[in-house]
file start.pdb (PDB, C-alpha atoms)
MODEL        1
ATOM      1  CA  TYR A   1       6.191 -19.705  12.989
ATOM      2  CA  GLN A   2       3.127 -18.062  14.489
ATOM      3  CA  SER A   3       0.686 -16.708  11.900
ATOM      4  CA  ARG A   4      -0.148 -13.031  12.249
ATOM      5  CA  PRO A   5      -3.207 -11.204  10.946
ATOM      6  CA  PHE A   6      -2.685  -9.171   7.823
ATOM      7  CA  LEU A   7      -5.309  -6.636   8.835
ATOM      8  CA  HIS A   8      -3.565  -4.263  11.224
ATOM      9  CA  SER A   9      -6.927  -2.831  12.236
ATOM     10  CA  ILE A  10      -7.692  -6.153  13.936
ATOM     11  CA  ALA A  11      -4.427  -6.136  15.831
ATOM     12  CA  GLU A  12      -2.862  -9.275  17.321
ATOM     13  CA  LYS A  13      -5.800 -11.616  16.605
ATOM     14  CA  LYS A  14      -4.888 -14.962  15.060
ATOM     15  CA  CYS A  15      -6.856 -14.862  11.855
ATOM     16  CA  HIS A  16      -6.781 -18.585  11.164
ATOM     17  CA  SER A  17      -7.873 -19.592  14.643
ATOM     18  CA  ALA A  18     -10.233 -16.933  15.955
ATOM     19  CA  LYS A  19     -13.535 -15.455  14.926
ATOM     20  CA  ILE A  20     -13.630 -11.678  14.802
ATOM     21  CA  SER A  21     -16.288 -10.166  17.032
ATOM     22  CA  ALA A  22     -19.332  -8.293  15.780
ATOM     23  CA  ASP A  23     -17.916  -5.107  17.384
ATOM     24  CA  ASP A  24     -14.654  -5.497  15.444
ATOM     25  CA  ARG A  25     -16.624  -6.043  12.272
ATOM     26  CA  ARG A  26     -18.695  -2.897  12.794
ATOM     27  CA  ASN A  27     -15.646  -0.852  13.781
ATOM     28  CA  TYR A  28     -13.724  -2.003  10.718
ATOM     29  CA  ALA A  29     -16.593  -1.089   8.406
ATOM     30  CA  GLN A  30     -16.828   2.349  10.025
ATOM     31  CA  ARG A  31     -13.110   2.928   9.459
ATOM     32  CA  LEU A  32     -13.235   2.295   5.726
ATOM     33  CA  PRO A  33     -12.701   5.473   3.686
ATOM     34  CA  SER A  34     -15.782   7.316   2.545
ATOM     35  CA  CYS A  35     -16.077   9.741  -0.339
ATOM     36  CA  HIS A  36     -14.525  13.170   0.158
ATOM     37  CA  THR A  37     -14.655  16.119  -2.197
ATOM     38  CA  MET A  38     -12.875  19.468  -2.072
ATOM     39  CA  ASP A  39     -14.174  22.584  -3.811
ATOM     40  CA  SER A  40     -10.857  24.447  -3.713
ATOM     41  CA  PHE A  41      -7.366  23.870  -2.376
ATOM     42  CA  PRO A  42      -6.246  26.312   0.364
ATOM     43  CA  VAL A  43      -3.410  28.800  -0.108
ATOM     44  CA  GLY A  44      -0.148  27.865   1.604
ATOM     45  CA  PRO A  45       2.075  25.328  -0.174
ATOM     46  CA  LYS A  46       4.031  26.175  -3.302
ATOM     47  CA  ALA A  47       3.780  22.578  -4.548
ATOM     48  CA  VAL A  48       2.122  19.321  -3.531
ATOM     49  CA  LEU A  49       3.421  15.749  -3.670
ATOM     50  CA  PHE A  50       1.443  12.539  -3.313
ATOM     51  CA  ASP A  51       2.413   9.000  -2.456
ATOM     52  CA  LEU A  52       0.732   6.436  -4.711
ATOM     53  CA  ASP A  53       0.159   2.986  -3.197
ATOM     54  CA  GLY A  54      -2.236   3.250  -0.285
ATOM     55  CA  THR A  55      -2.732   6.989  -0.828
ATOM     56  CA  LEU A  56      -4.224   7.481  -4.277
ATOM     57  CA  THR A  57      -5.203   3.831  -4.710
ATOM     58  CA  GLU A  58      -5.741   0.750  -2.583
ATOM     59  CA  THR A  59      -3.041  -1.080  -4.535
ATOM     60  CA  GLU A  60      -1.508  -2.385  -1.302
ATOM     61  CA  LEU A  61      -4.250  -4.996  -0.973
ATOM     62  CA  LEU A  62      -4.074  -5.794  -4.692
ATOM     63  CA  LYS A  63      -0.340  -6.421  -4.329
ATOM     64  CA  ALA A  64      -0.732  -8.392  -1.117
ATOM     65  CA  ARG A  65      -3.246 -10.685  -2.778
ATOM     66  CA  SER A  66      -0.970 -11.204  -5.779
ATOM     67  CA  TYR A  67       1.901 -12.204  -3.465
ATOM     68  CA  ALA A  68      -0.352 -14.604  -1.560
ATOM     69  CA  HIS A  69      -1.616 -16.113  -4.813
ATOM     70  CA  VAL A  70       1.911 -16.792  -6.124
ATOM     71  CA  VAL A  71       3.282 -18.045  -2.811
ATOM     72  CA  ARG A  72       0.344 -20.359  -2.311
ATOM     73  CA  ARG A  73       1.018 -21.847  -5.739
ATOM     74  CA  LEU A  74       4.753 -22.202  -5.013
ATOM     75  CA  ARG A  75       3.948 -24.073  -1.818
ATOM     76  CA  GLY A  76       1.548 -26.426  -3.584
ATOM     77  CA  CYS A  77      -1.604 -25.096  -1.963
ATOM     78  CA  ASN A  78      -4.801 -25.734  -3.882
ATOM     79  CA  ALA A  79      -7.438 -24.823  -1.346
ATOM     80  CA  THR A  80     -10.598 -22.909  -2.123
ATOM     81  CA  ASP A  81     -10.456 -19.215  -1.262
ATOM     82  CA  THR A  82     -13.767 -19.058   0.579
ATOM     83  CA  LEU A  83     -13.522 -15.329   1.317
ATOM     84  CA  GLY A  84     -12.834 -14.388  -2.288
ATOM     85  CA  LEU A  85      -9.622 -12.524  -1.444
ATOM     86  CA  LEU A  86      -7.997 -13.846  -4.605
ATOM     87  CA  ASP A  87     -10.991 -13.098  -6.816
ATOM     88  CA  HIS A  88      -9.881 -10.121  -8.894
ATOM     89  CA  ASN A  89     -13.464  -9.525 -10.009
ATOM     90  CA  LYS A  90     -14.510  -8.576  -6.480
ATOM     91  CA  ARG A  91     -14.343  -5.014  -5.230
ATOM     92  CA  HIS A  92     -11.579  -5.171  -2.636
ATOM     93  CA  SER A  93     -12.706  -2.485  -0.240
ATOM     94  CA  ALA A  94     -15.754  -2.514   2.018
ATOM     95  CA  ALA A  95     -17.285  -5.826   0.918
ATOM     96  CA  VAL A  96     -14.131  -7.917   1.121
ATOM     97  CA  GLY A  97     -12.880  -5.941   4.110
ATOM     98  CA  GLU A  98     -15.973  -6.762   6.120
ATOM     99  CA  ALA A  99     -15.763 -10.401   5.119
ATOM    100  CA  VAL A 100     -12.160 -10.594   6.286
ATOM    101  CA  ALA A 101     -12.862  -8.802   9.528
ATOM    102  CA  ALA A 102     -15.938 -10.926  10.146
ATOM    103  CA  GLU A 103     -14.193 -14.272   9.934
ATOM    104  CA  TYR A 104     -10.762 -14.922   8.537
ATOM    105  CA  ALA A 105     -10.928 -18.670   8.991
ATOM    106  CA  ASP A 106     -10.808 -21.070   6.053
ATOM    107  CA  PRO A 107     -10.981 -24.848   6.654
ATOM    108  CA  ALA A 108      -8.697 -25.305   3.645
ATOM    109  CA  ARG A 109      -6.910 -28.445   2.574
ATOM    110  CA  PRO A 110      -3.205 -28.557   3.491
ATOM    111  CA  CYS A 111      -0.421 -27.673   1.090
ATOM    112  CA  SER A 112       1.840 -30.292  -0.431
ATOM    113  CA  ASP A 113       4.207 -30.124   2.565
ATOM    114  CA  GLY A 114       1.370 -30.594   5.029
ATOM    115  CA  THR A 115       1.177 -26.943   6.125
ATOM    116  CA  PRO A 116      -2.418 -25.688   6.299
ATOM    117  CA  SER A 117      -3.158 -23.611   3.211
ATOM    118  CA  GLN A 118      -4.713 -20.818   5.247
ATOM    119  CA  GLU A 119      -1.537 -20.585   7.334
ATOM    120  CA  VAL A 120       0.534 -20.061   4.193
ATOM    121  CA  PHE A 121      -1.930 -17.464   2.926
ATOM    122  CA  ASP A 122      -1.941 -15.650   6.281
ATOM    123  CA  GLN A 123       1.833 -15.585   6.460
ATOM    124  CA  ALA A 124       2.286 -14.189   2.949
ATOM    125  CA  MET A 125      -0.352 -11.517   3.532
ATOM    126  CA  GLY A 126       1.155 -10.721   6.938
ATOM    127  CA  ILE A 127       4.676 -10.243   5.573
ATOM    128  CA  PHE A 128       3.429  -7.814   2.967
ATOM    129  CA  MET A 129       1.234  -5.838   5.350
ATOM    130  CA  ARG A 130       4.022  -5.532   7.938
ATOM    131  CA  ASN A 131       6.253  -4.036   5.250
ATOM    132  CA  ILE A 132       3.834  -1.580   3.629
ATOM    133  CA  GLY A 133       5.782   1.310   2.165
ATOM    134  CA  SER A 134       8.917  -0.793   1.586
ATOM    135  CA  THR A 135      10.398  -1.600  -1.804
ATOM    136  CA  SER A 136       9.453  -4.706  -3.769
ATOM    137  CA  GLU A 137      13.003  -6.002  -3.318
ATOM    138  CA  HIS A 138      12.742  -5.812   0.468
ATOM    139  CA  ILE A 139       9.354  -7.531   0.506
ATOM    140  CA  CYS A 140      10.482 -10.279  -1.894
ATOM    141  CA  ARG A 141      13.705 -10.945   0.030
ATOM    142  CA  THR A 142      11.767 -11.126   3.306
ATOM    143  CA  MET A 143       9.163 -13.463   1.821
ATOM    144  CA  VAL A 144      11.775 -15.780   0.295
ATOM    145  CA  GLU A 145      13.584 -16.157   3.612
ATOM    146  CA  GLU A 146      10.647 -16.294   6.028
ATOM    147  CA  MET A 147       8.595 -18.629   3.837
ATOM    148  CA  LYS A 148      11.565 -20.763   2.717
ATOM    149  CA  LEU A 149      10.906 -20.385  -1.002
ATOM    150  CA  ARG A 150      14.432 -20.823  -2.386
ATOM    151  CA  THR A 151      13.956 -24.375  -3.609
ATOM    152  CA  ALA A 152      10.470 -23.716  -4.988
ATOM    153  CA  LEU A 153      11.841 -20.796  -7.015
ATOM    154  CA  GLN A 154      14.658 -22.682  -8.752
ATOM    155  CA  SER A 155      12.720 -23.369 -11.959
ATOM    156  CA  SER A 156      11.512 -19.765 -12.083
ATOM    157  CA  MET A 157      15.102 -18.518 -11.710
ATOM    158  CA  GLU A 158      15.979 -20.511 -14.820
ATOM    159  CA  LYS A 159      12.862 -19.323 -16.647
ATOM    160  CA  TYR A 160      13.591 -15.640 -16.024
ATOM    161  CA  ASP A 161      17.384 -16.050 -16.229
ATOM    162  CA  VAL A 162      18.059 -14.527 -12.811
ATOM    163  CA  THR A 163      20.545 -15.621 -10.160
ATOM    164  CA  GLU A 164      18.719 -14.549  -6.989
ATOM    165  CA  PRO A 165      15.485 -16.126  -5.722
ATOM    166  CA  TRP A 166      13.932 -12.786  -4.781
ATOM    167  CA  ARG A 167      14.181 -11.619  -8.387
ATOM    168  CA  ALA A 168      12.303 -14.692  -9.578
ATOM    169  CA  LEU A 169       9.566 -14.107  -6.994
ATOM    170  CA  TYR A 170       9.384 -10.462  -8.049
ATOM    171  CA  LYS A 171       8.885 -11.386 -11.701
ATOM    172  CA  LEU A 172       6.319 -14.086 -10.888
ATOM    173  CA  ARG A 173       4.363 -11.733  -8.654
ATOM    174  CA  LYS A 174       4.519  -8.833 -11.076
ATOM    175  CA  GLU A 175       3.316 -11.010 -13.940
ATOM    176  CA  GLU A 176       0.408 -12.283 -11.833
ATOM    177  CA  TYR A 177      -0.357  -8.782 -10.586
ATOM    178  CA  TYR A 178      -0.859  -7.240 -14.002
ATOM    179  CA  ILE A 179      -2.607 -10.180 -15.609
ATOM    180  CA  THR A 180      -5.014 -10.960 -12.777
ATOM    181  CA  PHE A 181      -5.269  -8.135 -10.261
ATOM    182  CA  ALA A 182      -4.158  -4.698 -11.490
ATOM    183  CA  THR A 183      -6.362  -4.299 -14.532
ATOM    184  CA  PRO A 184      -7.325  -0.710 -15.425
ATOM    185  CA  ASP A 185     -10.879  -1.299 -14.166
ATOM    186  CA  ALA A 186      -9.611  -2.765 -10.891
ATOM    187  CA  LEU A 187      -7.212   0.150 -10.381
ATOM    188  CA  ARG A 188      -9.969   2.687 -10.944
ATOM    189  CA  ALA A 189     -12.273   0.819  -8.578
ATOM    190  CA  ALA A 190      -9.496   0.811  -5.974
ATOM    191  CA  GLN A 191      -8.891   4.558  -5.913
ATOM    192  CA  TYR A 192      -9.167   6.485  -2.650
ATOM    193  CA  ALA A 193     -11.628   9.104  -3.851
ATOM    194  CA  HIS A 194     -10.891  11.572  -1.043
ATOM    195  CA  ASN A 195      -7.177  11.753  -1.881
ATOM    196  CA  VAL A 196      -7.734  11.827  -5.634
ATOM    197  CA  ALA A 197     -10.168  14.698  -5.058
ATOM    198  CA  SER A 198      -7.458  16.557  -3.136
ATOM    199  CA  LEU A 199      -5.023  16.015  -6.007
ATOM    200  CA  ARG A 200      -7.521  17.356  -8.534
ATOM    201  CA  ALA A 201      -8.275  20.367  -6.325
ATOM    202  CA  ALA A 202      -4.567  21.169  -6.001
ATOM    203  CA  ALA A 203      -4.185  20.897  -9.777
ATOM    204  CA  ALA A 204      -7.174  23.224 -10.291
ATOM    205  CA  ALA A 205      -5.484  25.727  -7.969
ATOM    206  CA  GLY A 206      -2.487  25.775 -10.302
ATOM    207  CA  LEU A 207      -0.069  24.096  -7.893
ATOM    208  CA  PRO A 208       2.796  22.023  -9.347
ATOM    209  CA  LEU A 209       2.192  18.362  -8.523
ATOM    210  CA  GLY A 210       4.248  15.181  -8.424
ATOM    211  CA  VAL A 211       4.025  11.604  -7.221
ATOM    212  CA  VAL A 212       6.743   9.998  -5.086
ATOM    213  CA  THR A 213       6.445   6.240  -4.776
ATOM    214  CA  SER A 214       8.241   3.070  -3.722
ATOM    215  CA  SER A 215       6.965   1.428  -6.907
ATOM    216  CA  SER A 216       8.976   1.585 -10.100
ATOM    217  CA  THR A 217       8.401   4.612 -12.294
ATOM    218  CA  ALA A 218       6.910   2.485 -15.085
ATOM    219  CA  ASP A 219       4.498   0.759 -12.694
ATOM    220  CA  ALA A 220       3.443   4.088 -11.220
ATOM    221  CA  GLU A 221       2.878   5.638 -14.645
ATOM    222  CA  ARG A 222       0.587   2.745 -15.554
ATOM    223  CA  VAL A 223      -1.524   3.210 -12.421
ATOM    224  CA  LEU A 224      -1.726   6.978 -12.801
ATOM    225  CA  GLU A 225      -2.833   6.645 -16.422
ATOM    226  CA  ALA A 226      -5.593   4.257 -15.319
ATOM    227  CA  LEU A 227      -6.713   6.774 -12.690
ATOM    228  CA  GLY A 228      -6.788   9.539 -15.288
ATOM    229  CA  VAL A 229      -4.506  11.903 -13.351
ATOM    230  CA  ARG A 230      -1.114  11.501 -15.032
ATOM    231  CA  ASP A 231      -1.589  14.643 -17.125
ATOM    232  CA  LEU A 232      -2.023  16.678 -13.942
ATOM    233  CA  LEU A 233       1.490  15.831 -12.712
ATOM    234  CA  LYS A 234       4.828  17.406 -13.549
ATOM    235  CA  PHE A 235       6.741  14.191 -12.794
ATOM    236  CA  VAL A 236       6.848  10.829 -11.048
ATOM    237  CA  VAL A 237       9.722   9.800  -8.781
ATOM    238  CA  GLY A 238       9.916   6.009  -8.610
ATOM    239  CA  ALA A 239      12.145   3.734  -6.549
ATOM    240  CA  ASP A 240      14.327   3.100  -9.609
ATOM    241  CA  GLN A 241      15.360   6.769  -9.688
ATOM    242  CA  VAL A 242      17.039   6.790  -6.275
ATOM    243  CA  ALA A 243      19.771   4.855  -4.503
ATOM    244  CA  ARG A 244      17.811   4.714  -1.237
ATOM    245  CA  ALA A 245      14.016   4.384  -1.224
ATOM    246  CA  LYS A 246      11.572   5.307   1.545
ATOM    247  CA  PRO A 247      11.909   5.594   4.540
ATOM    248  CA  ASP A 248      15.098   7.367   3.427
ATOM    249  CA  PRO A 249      14.352  11.012   2.513
ATOM    250  CA  GLU A 250      16.165  10.765  -0.838
ATOM    251  CA  PRO A 251      12.989  10.339  -2.969
ATOM    252  CA  TYR A 252      11.438  13.503  -1.534
ATOM    253  CA  LEU A 253      14.698  15.436  -1.761
ATOM    254  CA  LEU A 254      14.847  14.514  -5.454
ATOM    255  CA  ALA A 255      11.243  15.647  -5.897
ATOM    256  CA  ALA A 256      12.002  18.990  -4.225
ATOM    257  CA  LYS A 257      14.930  19.441  -6.596
ATOM    258  CA  LYS A 258      12.689  18.717  -9.587
ATOM    259  CA  LEU A 259      10.166  21.264  -8.326
ATOM    260  CA  GLY A 260      12.808  23.885  -7.645
ATOM    261  CA  GLU A 261      11.190  24.663  -4.304
ATOM    262  CA  ALA A 262      12.417  24.592  -0.708
ATOM    263  CA  ALA A 263      11.297  21.411   1.010
ATOM    264  CA  GLY A 264       9.499  23.371   3.715
ATOM    265  CA  ASP A 265       7.221  24.949   1.101
ATOM    266  CA  ILE A 266       6.063  21.564  -0.224
ATOM    267  CA  LEU A 267       3.041  19.692   1.135
ATOM    268  CA  VAL A 268       3.156  15.891   1.039
ATOM    269  CA  PHE A 269       0.294  13.390   1.307
ATOM    270  CA  GLU A 270       1.316   9.979   2.659
ATOM    271  CA  ASP A 271      -0.399   6.940   4.172
ATOM    272  CA  SER A 272       2.360   4.837   5.753
ATOM    273  CA  VAL A 273       4.864   5.375   8.544
ATOM    274  CA  ASN A 274       7.749   4.659   6.149
ATOM    275  CA  GLY A 275       6.451   7.349   3.810
ATOM    276  CA  VAL A 276       5.940   9.809   6.649
ATOM    277  CA  ARG A 277       9.512   9.233   7.858
ATOM    278  CA  ALA A 278      10.844   9.899   4.365
ATOM    279  CA  ALA A 279       8.845  13.094   3.884
ATOM    280  CA  VAL A 280       9.564  14.468   7.374
ATOM    281  CA  GLY A 281      13.236  13.588   6.976
ATOM    282  CA  ALA A 282      13.344  15.625   3.773
ATOM    283  CA  GLY A 283      11.938  18.648   5.608
ATOM    284  CA  THR A 284       8.581  18.809   3.830
ATOM    285  CA  GLN A 285       5.204  19.534   5.416
ATOM    286  CA  VAL A 286       3.284  16.272   5.762
ATOM    287  CA  ILE A 287      -0.306  15.107   6.056
ATOM    288  CA  ALA A 288      -0.854  11.416   6.688
ATOM    289  CA  VAL A 289      -4.160   9.980   5.496
ATOM    290  CA  ALA A 290      -4.859   6.688   7.229
ATOM    291  CA  ASN A 291      -6.299   3.674   5.450
ATOM    292  CA  PRO A 292      -7.482   0.411   7.044
ATOM    293  CA  PHE A 293      -4.012  -1.122   6.713
ATOM    294  CA  THR A 294      -1.905   1.753   8.093
ATOM    295  CA  ARG A 295      -4.240   3.170  10.736
ATOM    296  CA  VAL A 296      -2.796   1.372  13.767
ATOM    297  CA  ALA A 297       0.809   2.045  12.779
ATOM    298  CA  LEU A 298       0.027   5.743  12.319
ATOM    299  CA  GLN A 299      -1.637   5.836  15.725
ATOM    300  CA  GLU A 300       1.490   4.358  17.322
ATOM    301  CA  GLN A 301       4.181   6.387  15.485
ATOM    302  CA  GLU A 302       5.844   9.440  17.014
ATOM    303  CA  VAL A 303       7.228  11.105  13.890
ATOM    304  CA  LEU A 304       4.176  13.165  12.931
ATOM    305  CA  PRO A 305       1.838  15.061  15.297
ATOM    306  CA  ARG A 306      -1.648  13.554  15.450
ATOM    307  CA  ALA A 307      -3.109  16.887  14.335
ATOM    308  CA  ARG A 308      -1.521  16.210  10.949
ATOM    309  CA  ILE A 309      -3.098  12.791  10.546
ATOM    310  CA  ALA A 310      -6.544  12.371   8.985
ATOM    311  CA  PHE A 311      -7.832   9.148  10.501
ATOM    312  CA  GLU A 312     -11.191   9.604   8.789
ATOM    313  CA  SER A 313     -11.688  10.866   5.249
ATOM    314  CA  VAL A 314     -14.386  13.280   6.436
ATOM    315  CA  THR A 315     -11.770  15.158   8.497
ATOM    316  CA  LEU A 316      -9.256  15.437   5.660
ATOM    317  CA  GLY A 317     -10.510  18.831   4.459
ATOM    318  CA  ASN A 318     -10.066  20.348   7.916
ATOM    319  CA  THR A 319      -6.594  18.827   8.249
ATOM    320  CA  ILE A 320      -5.544  20.276   4.890
ATOM    321  CA  ALA A 321      -6.936  23.700   5.804
ATOM    322  CA  GLN A 322      -5.112  23.687   9.145
ATOM    323  CA  VAL A 323      -1.735  22.668   7.703
ATOM    324  CA  CYS A 324      -2.009  25.136   4.816
ATOM    325  CA  ALA A 325      -2.873  27.931   7.265
ATOM    326  CA  GLU A 326       0.238  27.054   9.281
ATOM    327  CA  MET A 327       2.346  27.150   6.131
ATOM    328  CA  THR A 328       0.905  30.548   5.181
ATOM    329  CA  ALA A 329       1.555  31.983   8.655
ATOM    330  CA  LYS A 330       5.107  30.669   8.653
ATOM    331  CA  ALA A 331       5.819  32.291   5.268
ATOM    332  CA  LYS A 332       4.832  35.773   6.523
TER     333      LYS A 332
ENDMDL
END

call {"tool": "encode", "arguments": {"input": "start.pdb", "output": "structure tokens"}}
result
Amino acid sequence: YQSRPFLHSIAEKKCHSAKISADDRRNYAQRLPSCHTMDSFPVGPKAVLFDLDGTLTETELLKARSYAHVVRRLRGCNATDTLGLLDHNKRHSAAVGEAVAAEYADPARPCSDGTPSQEVFDQAMGIFMRNIGSTSEHICRTMVEEMKLRTALQSSMEKYDVTEPWRALYKLRKEEYYITFATPDALRAAQYAHNVASLRAAAAAGLPLGVVTSSSTADAERVLEALGVRDLLKFVVGADQVARAKPDPEPYLLAAKKLGEAAGDILVFEDSVNGVRAAVGAGTQVIAVANPFTRVALQEQEVLPRARIAFESVTLGNTIAQVCAEMTAKAK
């Protein structure tokens, strides 16, 4: 296999073999979300829905690191994590992001099968980042096959009494995620303040709110409680409530049904192309808010007009105002 970078913002550079330039490092730092506040939410939508992972919180990187941690252990890798990507005590935004962009090269000891530890780490991170917005089942199945983990997962299949390797990986990763990475403090530190501010502003305006996520409902509830916004929401639609998860429109169609509103009167905040496809397919109005891991994919997609994508948090307010004005004009 050929290792791919897990940071989409540093596209097509081999992380384990190349140093990232000073320009890339500066550009990456400039693209990190900054704080955004909103005094009031514009008139226009009759309800607002938010994605969770990558939109309200930077849980995508938390999850990616938990996958890499488990896979590295399954492959017998014991190398030192010189960049601190697996250190749950580190803030995983600007500081770690700059370190990764600056130099993602670790002269680590090889794994038990002779594969360089950094190569295993890169591959696990890359698989997750290429599948942002997909379900845990899809990511686990892909990781089991591409990283040849079937044999390594046999004992875990017995431990968890499951018959499929992906289920064992899912349980291992989830256990690691909650114990090590997704603590309440870490989840609060990982929030995207500009999107959370938009949620609070919409709630203050009296708009019905919901969250639509590819995570399970229970997992989403836990994160939302940690963020202190669960009480502002009417409901959460998790992947376990639908037969077909994002990018299928079913989750957003279910949310529209719960709201009792026409899809075209609902405004959706998403961060990933899969999420955008689901929301557009359901007929809702969509704003995509880029983060460092979805920015390039959003630039390349053709589902949503660029005018409806906030590539910088400082432009989010204007994007919201524009879309809400369009919704108001259309309703007249």

call {"tool": "resolve_selection", "arguments": {"input": "start.pdb", "expression": "the PyMOL selection byres ((chain A and resi 326-332) around 8)", "output": "VMD selection string"}}
result
chain A and resid 43 to 45 265 322 to 325

call {"tool": "write_last_selection", "arguments": {"input": "start.pdb", "atoms": "C-alpha atoms", "output": "mmCIF file, in the frame of the given file"}}
result
data_model
loop_
_atom_site.group_PDB
_atom_site.id
_atom_site.type_symbol
_atom_site.label_atom_id
_atom_site.label_comp_id
_atom_site.auth_asym_id
_atom_site.auth_seq_id
_atom_site.Cartn_x
_atom_site.Cartn_y
_atom_site.Cartn_z
ATOM 1 C CA VAL A 43 -3.410 28.800 -0.108
ATOM 2 C CA GLY A 44 -0.148 27.865 1.604
ATOM 3 C CA PRO A 45 2.075 25.328 -0.174
ATOM 4 C CA ASP A 265 7.221 24.949 1.101
ATOM 5 C CA GLN A 322 -5.112 23.687 9.145
ATOM 6 C CA VAL A 323 -1.735 22.668 7.703
ATOM 7 C CA CYS A 324 -2.009 25.136 4.816
ATOM 8 C CA ALA A 325 -2.873 27.931 7.265
#

call {"tool": "atom_distance", "arguments": {"input": "start.pdb", "atom1": "atom CA of Pro116 of chain A", "atom2": "atom CA of Leu172 of chain A"}}
result
22.5 Å

call {"tool": "residues_around", "arguments": {"input": "start.pdb", "residues": "Lys257 of chain A", "least_positions_apart": "4", "cutoff": "12 Å", "atoms": "all atoms listed in the file", "output": "CSV table (one decimal) with C-alpha atoms, in the coordinates of the input"}}
result
chain,number,residue,atom,x,y,z
A,47,ALA,CA,3.8,22.6,-4.5
A,210,GLY,CA,4.2,15.2,-8.4
A,235,PHE,CA,6.7,14.2,-12.8
A,237,VAL,CA,9.7,9.8,-8.8
A,250,GLU,CA,16.2,10.8,-0.8
A,251,PRO,CA,13.0,10.3,-3.0
A,252,TYR,CA,11.4,13.5,-1.5
A,253,LEU,CA,14.7,15.4,-1.8
A,261,GLU,CA,11.2,24.7,-4.3
A,262,ALA,CA,12.4,24.6,-0.7
A,263,ALA,CA,11.3,21.4,1.0
A,266,ILE,CA,6.1,21.6,-0.2
A,282,ALA,CA,13.3,15.6,3.8

call {"tool": "resolve_selection", "arguments": {"input": "start.pdb", "expression": "the PyMOL selection byres ((chain A and resi 197-207) around 6)", "output": "list in words"}}
result
Thr37, Ser40, Phe41, Ala47, Ala193, His194, Asn195, Val196 and Pro208 of chain A

call {"tool": "resolve_selection", "arguments": {"input": "start.pdb", "expression": "the PyMOL selection byres ((chain A and resi 165) around 10)", "output": "PyMOL selection string"}}
result
chain A and resi 140-141+144-145+149-157+162-164+166-170

call {"tool": "closest_residue", "arguments": {"input": "start.pdb", "among": "A:Glu300, A:Val268, A:Tyr67, A:Ala278", "to": "Asp248 of chain A", "atoms": "all atoms listed in the file"}}
result
A:Ala278

call {"tool": "atom_distance", "arguments": {"input": "start.pdb", "atom1": "atom CA of Ile132 of chain A", "atom2": "atom CA of Pro247 of chain A"}}
result
10.8 Å

call {"tool": "closest_residue", "arguments": {"input": "start.pdb", "among": "A:Val296, A:Leu62, A:Thr284, A:Leu267", "to": "Pro42 of chain A", "atoms": "all atoms listed in the file"}}
result
A:Leu267
